[in-house]
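Note sheet for the following structure.
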Amino acid sequence: MVSKRLSREAGHRRKFLAVIDETPECERAVAYAGRRAKTTGGVLILLYVINSAEFQQWLGVEAIMREEARATAAAALEKHAGNVREKIAIEPELVVREGPRVDEIHKLIEEDQDIAILVLAAGGAKEGPGPLVSSIAGKAAAFPIPVTVVPQNLSDEDIESLA
């Protein structure tokens with residue numbers, strides 16, 4: 001069953017969700033989602049998901065690893081948020097979750113009924129579109145919202161004209 005989206009209800013704004021990771025294409029997803037949010041009067045959410053499975057292998061240092069991962073997440077989010085503030089002039093919402101990436105993306109979408117579109121970017125490598133797009137592609141039908149995939153090779157001008 002698809003949960004009702006609230007983004008068109010009074011007092012709500014449509015939210016565009018972009019996932020932050022270490023891939024080069026991530027920046028294109030943020031740029032497109034940010035522009036779409038601005039042109040439609042919506043909100044941009046930047047999500048960073050920490051893979052908690054990595055911590056369980058190292059019991060003695062789990063707390064240190066978790067703290068380092070949180071610092072990495074905060075730095076990555078702030079870097080992208082700074083770019084959004086400077087280039088698009090909007091203030092994004094920043095979210096850090098911990099767990100399996102696809103599961104946490106899905107949970108956030110279920111929890112925040114204003115999220116209307118998940119924006120991903122496909123890498124240009126011949127190996128495929130990138131780990132995130134590959135992991136979601138087969139499960140896109142399970143998401144209660146549209147998934148937009150932006151090609152990595154779009155310039156800022158291209159994104160501006162499309163968004």
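Quick note on naming: the chains in the structure tokens go A, B, ... in the order shown, residues restart at 1 in each chain, and ligands are numbered from 1 in order of appearance.
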
Q.
Env of segment 105-109 of chain A: 8 Å cut, atoms = only C-alpha atoms, seq-sep filter 4 positions within chain, self excluded. Answer as a list in words.
A.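 Here the answer would be Arg101, Gln113, Ile115, Phe143 and Pro144 of chain A.
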
Q: If you run DSSP over the backbone, which residues in segment 27-91 of chain A end up alpha helix (DSSP H)? Put them as a VMD selection string.
A: chain A and resid 27 to 40 62 to 88

Those residues with C-alpha atoms, as a tab-separated table (two decimals), in the first residue's frame please?
```tsv
chain	number	residue	atom	x	y	z
A	27	GLU	CA	26.92	16.35	-6.83
A	28	ARG	CA	24.72	16.23	-9.94
A	29	ALA	CA	21.80	14.75	-7.98
A	30	VAL	CA	22.15	17.50	-5.37
A	31	ALA	CA	22.31	20.21	-8.04
A	32	TYR	CA	19.20	18.94	-9.83
A	33	ALA	CA	17.18	18.33	-6.64
A	34	GLY	CA	18.19	21.74	-5.28
A	35	ARG	CA	17.18	23.54	-8.47
A	36	ARG	CA	13.86	21.67	-8.60
A	37	ALA	CA	13.20	22.56	-4.97
A	38	LYS	CA	13.94	26.22	-5.61
A	39	THR	CA	11.90	26.54	-8.82
A	40	THR	CA	8.87	24.79	-7.30
A	62	GLU	CA	32.77	0.32	17.61
A	63	ALA	CA	32.10	3.61	19.43
A	64	ILE	CA	35.19	5.26	17.93
A	65	MET	CA	34.31	4.05	14.42
A	66	ARG	CA	30.72	5.24	14.81
A	67	GLU	CA	31.89	8.69	15.94
A	68	GLU	CA	34.32	8.92	13.02
A	69	ALA	CA	31.53	7.91	10.63
A	70	ARG	CA	29.25	10.58	12.09
A	71	ALA	CA	31.99	13.21	11.66
A	72	THR	CA	32.49	12.09	8.05
A	73	ALA	CA	28.72	12.30	7.46
A	74	ALA	CA	28.50	15.79	8.98
A	75	ALA	CA	31.43	17.04	6.90
A	76	ALA	CA	30.01	15.61	3.66
A	77	LEU	CA	26.57	17.06	4.35
A	78	GLU	CA	28.00	20.47	5.22
A	79	LYS	CA	30.12	20.52	2.06
A	80	HIS	CA	27.10	19.86	-0.15
A	81	ALA	CA	24.86	22.16	1.90
A	82	GLY	CA	27.43	24.96	1.49
A	83	ASN	CA	27.39	24.48	-2.28
A	84	VAL	CA	23.57	24.57	-2.29
A	85	ARG	CA	23.52	27.76	-0.21
A	86	GLU	CA	26.09	29.44	-2.46
A	87	LYS	CA	24.87	28.32	-5.90
A	88	ILE	CA	21.11	27.90	-5.39
```

**Q.** Distance criterion (only C-alpha atoms): nearest to Pro129 of chain A out of A:Arg97, A:His12, A:Val150, A:Asp158
**A.** A:Val150

Q | Secondary structure check, strand (DSSP E) residues of segment 35-87 of chain A, as a VMD selection string | A | chain A and resid 43 to 50

Store the residues picked out above in a file with N, CA and C atoms, as a compact mmCIF listing (two decimals), in the first residue's frame.
```txt
# COMPACT_ATOMS: atom_id res chain seq x y z
N VAL A 43 11.44 22.01 -0.86
CA VAL A 43 12.51 21.86 0.13
C VAL A 43 13.47 20.78 -0.38
N LEU A 44 14.75 20.98 -0.14
CA LEU A 44 15.76 19.99 -0.45
C LEU A 44 16.19 19.29 0.83
N ILE A 45 16.16 17.96 0.80
CA ILE A 45 16.69 17.16 1.91
C ILE A 45 17.95 16.47 1.42
N LEU A 46 19.03 16.62 2.17
CA LEU A 46 20.26 15.90 1.90
C LEU A 46 20.41 14.80 2.95
N LEU A 47 20.49 13.57 2.50
CA LEU A 47 20.56 12.41 3.39
C LEU A 47 21.90 11.71 3.25
N TYR A 48 22.53 11.45 4.39
CA TYR A 48 23.75 10.65 4.42
C TYR A 48 23.45 9.42 5.26
N VAL A 49 23.70 8.24 4.70
CA VAL A 49 23.44 7.00 5.43
C VAL A 49 24.77 6.34 5.79
N ILE A 50 24.95 6.12 7.08
CA ILE A 50 26.14 5.45 7.60
C ILE A 50 25.86 3.95 7.60
```

**Q.** Residue nearest Lys15 of chain A - candidates A:Glu98, A:Asp114, A:Glu93, A:Asp103, atoms counted: only C-alpha atoms
**A.**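 Closest to Lys15 of chain A, using only C-alpha atoms: A:Asp114.
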
**Q.** Using only C-alpha atoms: which of A:Ser161, A:Ser52, A:Thr23, A:Asn153 has the shortest distance to Gly130 of chain A
**A.**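 Comparing A:Ser161, A:Ser52, A:Thr23, A:Asn153 against Gly130 of chain A, the winner is A:Thr23.
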
**Q.** Interatomic distance, atom CA of Ala122 of chain A to atom CA of Pro146 of chain A (Å, one decimal)
**A.** 15.6 Å

Q: Select, from A:Val102, A:Ile20, A:Leu118, A:Ile90, the residue with the minimum atom-to-atom distance to Ser135 of chain A, counting only C-alpha atoms.
A: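 The shortest atom-to-atom distance to Ser135 of chain A comes from A:Val102.
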
Q) With only C-alpha atoms as the basis for distance, which of A:Gly11, A:Gly124, A:Pro131, A:Ala18 is at the shortest distance from Pro151 of chain A? A) A:Gly124
